[in-house]
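Presented below is the structure to which this report refers.
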Amino acid sequence: MPTVAIVTDSVASIPEALIETLGIHWVPYYIHRGQEVLRDLLTIHCDTFYQWLSTASELPKTANPSPGDYLQVYRTLYAEQGVREIVSIHITSKGSGAYQSALVAKQMLVDAFPDLRIEVIDTLNVAMCQGWMVIEAARAALAGKSLGEIVTLVKDMIPITRMIQTADTLKYLYMGGRIGKAAHLFGSLLSIKPLIGMEDGVIVPLGQVRSRRAAYEKMVEMVESAVGKAGKIKIAFLHAAALEEAEKIKRLFEERLTCVESLIAELSPALGVHTGPGTAGVCYFPVRD
């Protein structure tokens, strides 16, 4: 067992197999659907949620975990597993209160147990961009890296880990108030496919094209431009109830770029509320030899 535990949120959207093999600890978000209070990836799962969302006339509300939710995980790691060092990695603080909740939980616990060290990190990103940071941190922990080394690793990834995604509509982001600097794209005709990303923790527009195929080609061009033709990347192909689209993007990328590690991941329901079904894209970062 590694001496440093890695904690994150359900919205990192990390495939379950990796969560298990890497020993990642995670805290679920909340989804309020009418009178129901659902826990992301625990009491509501992707398949049933996206089937329902495509027919919904009103978006459910989402809420980040409370300080008490993080406190419970931290306390369990400390009291039951003997963990004395934790790295807690979270979605952008500019779009969610998870980071602040984790900070509050940290302070509550370290005040009571001064031998416990908790580092809380704001990734300024989302989905598998956050997920990649968690995965690499967990691998470093398993390799015996120190808390300081793991924190440095994650912080070094923050400015180079990027998301590009597209969808048939931005109405879910718009209705949920998460559209950021891409608001002017909301009125685009259905024949226009917007490309969006994230910069400094907020959603930004990256362009518009006229078809999904063109959007996917543009994604490849943008990543190729960023890393160079000889560049190597680790990449996740993201989707929300759009596995076939993620597979199309994957084929395009693997034909053009050196993907030293690639995986397909589905956005958790708490993220899918804001993107809507049909969303597809990539989260990647360059790797050095």
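By convention in this document, the chains of the structure tokens carry letters A, B, ... by their order, each chain's residues are numbered from 1, and ligands are numbered from 1 in the order they are shown.
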Show me, as a PyMOL selection string, the residues that have an atom within 8 Å of range 35-48 of chain A when counting only C-alpha atoms, minus same-chain residues fewer than 2 positions from it. chain A and resi 10+28-33+50-52+240-241+266-270
Once you have the residues from the selection above, write them out as a PDB file, in the first residue's frame, restricted to C-alpha atoms.
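Okay, result.pdb is ready:
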```
ATOM      1  CA  SER A  10     -16.629  11.625  -9.241  1.00  0.00           C
ATOM      2  CA  PRO A  28     -19.457  11.592  -5.324  1.00  0.00           C
ATOM      3  CA  TYR A  29     -21.212  14.769  -6.393  1.00  0.00           C
ATOM      4  CA  TYR A  30     -24.949  15.256  -5.807  1.00  0.00           C
ATOM      5  CA  ILE A  31     -27.667  15.488  -8.429  1.00  0.00           C
ATOM      6  CA  HIS A  32     -31.037  16.932  -7.391  1.00  0.00           C
ATOM      7  CA  ARG A  33     -33.720  15.693  -9.791  1.00  0.00           C
ATOM      8  CA  TYR A  50     -28.425   9.935 -20.208  1.00  0.00           C
ATOM      9  CA  GLN A  51     -31.527   8.100 -21.423  1.00  0.00           C
ATOM     10  CA  TRP A  52     -33.582  10.221 -19.057  1.00  0.00           C
ATOM     11  CA  ALA A 240     -21.641  11.372 -22.977  1.00  0.00           C
ATOM     12  CA  ALA A 241     -23.789   8.523 -24.319  1.00  0.00           C
ATOM     13  CA  GLU A 266     -17.701   8.531 -20.214  1.00  0.00           C
ATOM     14  CA  LEU A 267     -18.561  11.784 -18.482  1.00  0.00           C
ATOM     15  CA  SER A 268     -20.137  11.194 -15.095  1.00  0.00           C
ATOM     16  CA  PRO A 269     -23.817  12.203 -14.767  1.00  0.00           C
ATOM     17  CA  ALA A 270     -22.908  15.251 -12.655  1.00  0.00           C
TER      18      ALA A 270
END
```
In range 18-209 of chain A, what's alpha helix (DSSP H) per DSSP? Answer as a short mmCIF file (atom, residue, chain, number, x, y, z; two decimals) with C-alpha atoms, in the first residue's frame?
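Below is the file that was written, out.cif:
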```
data_model
loop_
_atom_site.label_atom_id
_atom_site.label_comp_id
_atom_site.auth_asym_id
_atom_site.auth_seq_id
_atom_site.Cartn_x
_atom_site.Cartn_y
_atom_site.Cartn_z
CA LEU A 18 -8.30 2.33 -13.27
CA ILE A 19 -9.85 3.55 -10.03
CA GLU A 20 -9.68 0.02 -8.68
CA THR A 21 -6.22 -0.94 -9.91
CA LEU A 22 -4.64 2.35 -8.81
CA CYS A 46 -24.44 6.93 -16.99
CA ASP A 47 -26.69 4.70 -19.09
CA THR A 48 -29.95 5.34 -17.25
CA PHE A 49 -29.14 8.99 -16.59
CA TYR A 50 -28.42 9.93 -20.21
CA GLN A 51 -31.53 8.10 -21.42
CA TRP A 52 -33.58 10.22 -19.06
CA LEU A 53 -31.70 13.48 -19.74
CA PRO A 67 -16.78 19.47 3.69
CA GLY A 68 -18.29 16.62 5.69
CA ASP A 69 -18.13 14.31 2.67
CA TYR A 70 -14.41 14.93 2.25
CA LEU A 71 -13.86 14.82 6.00
CA GLN A 72 -15.36 11.34 6.13
CA VAL A 73 -12.98 10.04 3.46
CA TYR A 74 -9.93 11.73 4.98
CA ARG A 75 -10.82 10.51 8.47
CA THR A 76 -11.34 6.94 7.26
CA LEU A 77 -7.97 6.95 5.52
CA TYR A 78 -6.33 8.26 8.69
CA ALA A 79 -8.10 6.21 11.34
CA GLU A 80 -8.73 2.91 9.55
CA GLN A 81 -5.90 2.67 7.03
CA ALA A 98 -15.43 21.18 -4.34
CA TYR A 99 -11.98 22.66 -3.85
CA GLN A 100 -13.21 24.96 -1.10
CA SER A 101 -15.09 22.11 0.59
CA ALA A 102 -11.93 20.00 0.58
CA LEU A 103 -9.91 22.87 2.06
CA VAL A 104 -12.40 23.22 4.90
CA ALA A 105 -12.30 19.47 5.56
CA LYS A 106 -8.50 19.52 5.54
CA GLN A 107 -8.35 22.27 8.13
CA MET A 108 -10.86 20.53 10.38
CA LEU A 109 -8.83 17.34 10.39
CA VAL A 110 -5.26 18.63 10.58
CA ASP A 111 -6.25 20.81 13.52
CA ALA A 112 -7.27 17.64 15.35
CA ALA A 127 -13.30 15.70 -16.56
CA MET A 128 -10.39 13.53 -17.66
CA CYS A 129 -7.98 16.48 -17.60
CA GLN A 130 -8.50 16.33 -13.85
CA GLY A 131 -8.62 12.55 -14.22
CA TRP A 132 -5.19 12.33 -15.85
CA MET A 133 -3.68 14.28 -12.97
CA VAL A 134 -5.28 11.86 -10.52
CA ILE A 135 -4.10 8.82 -12.49
CA GLU A 136 -0.51 10.05 -12.72
CA ALA A 137 -0.54 10.99 -9.03
CA ALA A 138 -1.82 7.53 -8.07
CA ARG A 139 0.86 5.87 -10.20
CA ALA A 140 3.51 8.01 -8.55
CA ALA A 141 2.19 7.07 -5.12
CA LEU A 142 2.32 3.37 -6.01
CA LEU A 147 3.97 13.74 -1.09
CA GLY A 148 6.07 16.67 -2.28
CA GLU A 149 7.05 14.89 -5.48
CA ILE A 150 3.43 14.01 -6.24
CA VAL A 151 2.23 17.57 -5.65
CA THR A 152 4.95 18.89 -7.97
CA LEU A 153 3.98 16.31 -10.62
CA VAL A 154 0.33 17.39 -10.55
CA LYS A 155 1.08 21.10 -10.53
CA ASP A 156 3.40 20.66 -13.50
CA MET A 157 0.53 19.00 -15.39
CA LYS A 171 -28.07 24.38 -24.49
CA TYR A 172 -27.12 22.22 -21.50
CA LEU A 173 -24.09 24.35 -20.67
CA TYR A 174 -26.19 27.47 -21.21
CA MET A 175 -29.11 26.28 -19.07
#
```
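If you look at CA of Gln165 in chain A and CA of Gly197 in chain A, they are 6.5 Å away from each other.
Among A:Arg117, A:Arg288, A:Arg162, A:Arg84, the residue with the shortest atom-to-atom distance to Val223 in chain A, counting only C-alpha atoms, is A:Arg162.
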Give me, as a PyMOL selection string, all polymer residues having an atom no more than 12 Å from range 229-232 of chain A, counting only C-alpha atoms and skipping those fewer than 3 positions away in the same chain. chain A and resi 220-226+235+253-262+284-289
Give the strand (DSSP E) residues of range 71-276 of chain A, as assigned by DSSP on the backbone, as a compact mmCIF listing (two decimals) with C-alpha atoms, in the first residue's frame.
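The resulting file, selection04.txt, is shown below:
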```txt
# COMPACT_ATOMS: atom_id res chain seq x y z
CA GLU A 85 -0.32 11.87 3.82
CA ILE A 86 -3.10 12.69 1.33
CA VAL A 87 -3.15 14.50 -2.01
CA SER A 88 -6.68 15.65 -2.83
CA ILE A 89 -7.22 16.69 -6.48
CA HIS A 90 -10.27 18.67 -7.62
CA ARG A 117 -0.59 16.15 5.95
CA ILE A 118 -3.18 16.95 3.29
CA GLU A 119 -2.43 18.84 0.08
CA VAL A 120 -5.55 20.08 -1.73
CA ILE A 121 -5.05 20.96 -5.42
CA ASP A 122 -7.24 23.02 -7.73
CA ARG A 162 -6.00 20.34 -22.27
CA MET A 163 -9.62 19.58 -23.17
CA ILE A 164 -11.34 19.98 -26.54
CA GLN A 165 -14.95 18.90 -26.99
CA THR A 166 -17.92 19.37 -29.26
CA LYS A 193 -20.59 22.36 -34.38
CA PRO A 194 -18.87 24.48 -31.73
CA LEU A 195 -15.51 23.51 -30.27
CA ILE A 196 -14.89 24.47 -26.67
CA GLY A 197 -12.04 24.06 -24.21
CA MET A 198 -10.93 25.37 -20.85
CA GLU A 199 -8.43 28.09 -20.06
CA VAL A 202 -13.27 28.58 -17.34
CA ILE A 203 -14.86 27.34 -20.58
CA VAL A 204 -13.66 29.15 -23.70
CA PRO A 205 -14.60 28.92 -27.40
CA LEU A 206 -12.09 27.26 -29.72
CA GLY A 207 -13.94 27.65 -33.00
CA GLN A 208 -16.85 26.40 -35.11
CA VAL A 209 -17.11 23.94 -37.97
CA LYS A 232 3.84 12.05 -27.79
CA ILE A 233 0.64 12.32 -25.79
CA LYS A 234 -1.51 10.55 -23.26
CA ILE A 235 -5.13 11.04 -24.25
CA ALA A 236 -8.64 10.22 -23.12
CA PHE A 237 -11.50 10.13 -25.60
CA LEU A 238 -14.52 11.46 -23.76
CA HIS A 239 -18.19 11.07 -24.47
CA THR A 258 1.78 9.04 -31.17
CA CYS A 259 -0.62 8.15 -28.38
CA VAL A 260 1.55 6.38 -25.82
CA GLU A 261 -1.54 5.78 -23.70
CA SER A 262 -5.16 6.20 -24.69
CA LEU A 263 -8.47 5.32 -23.09
CA ILE A 264 -12.16 5.94 -23.54
CA ALA A 265 -14.09 7.51 -20.67
CA GLU A 266 -17.70 8.53 -20.21
```
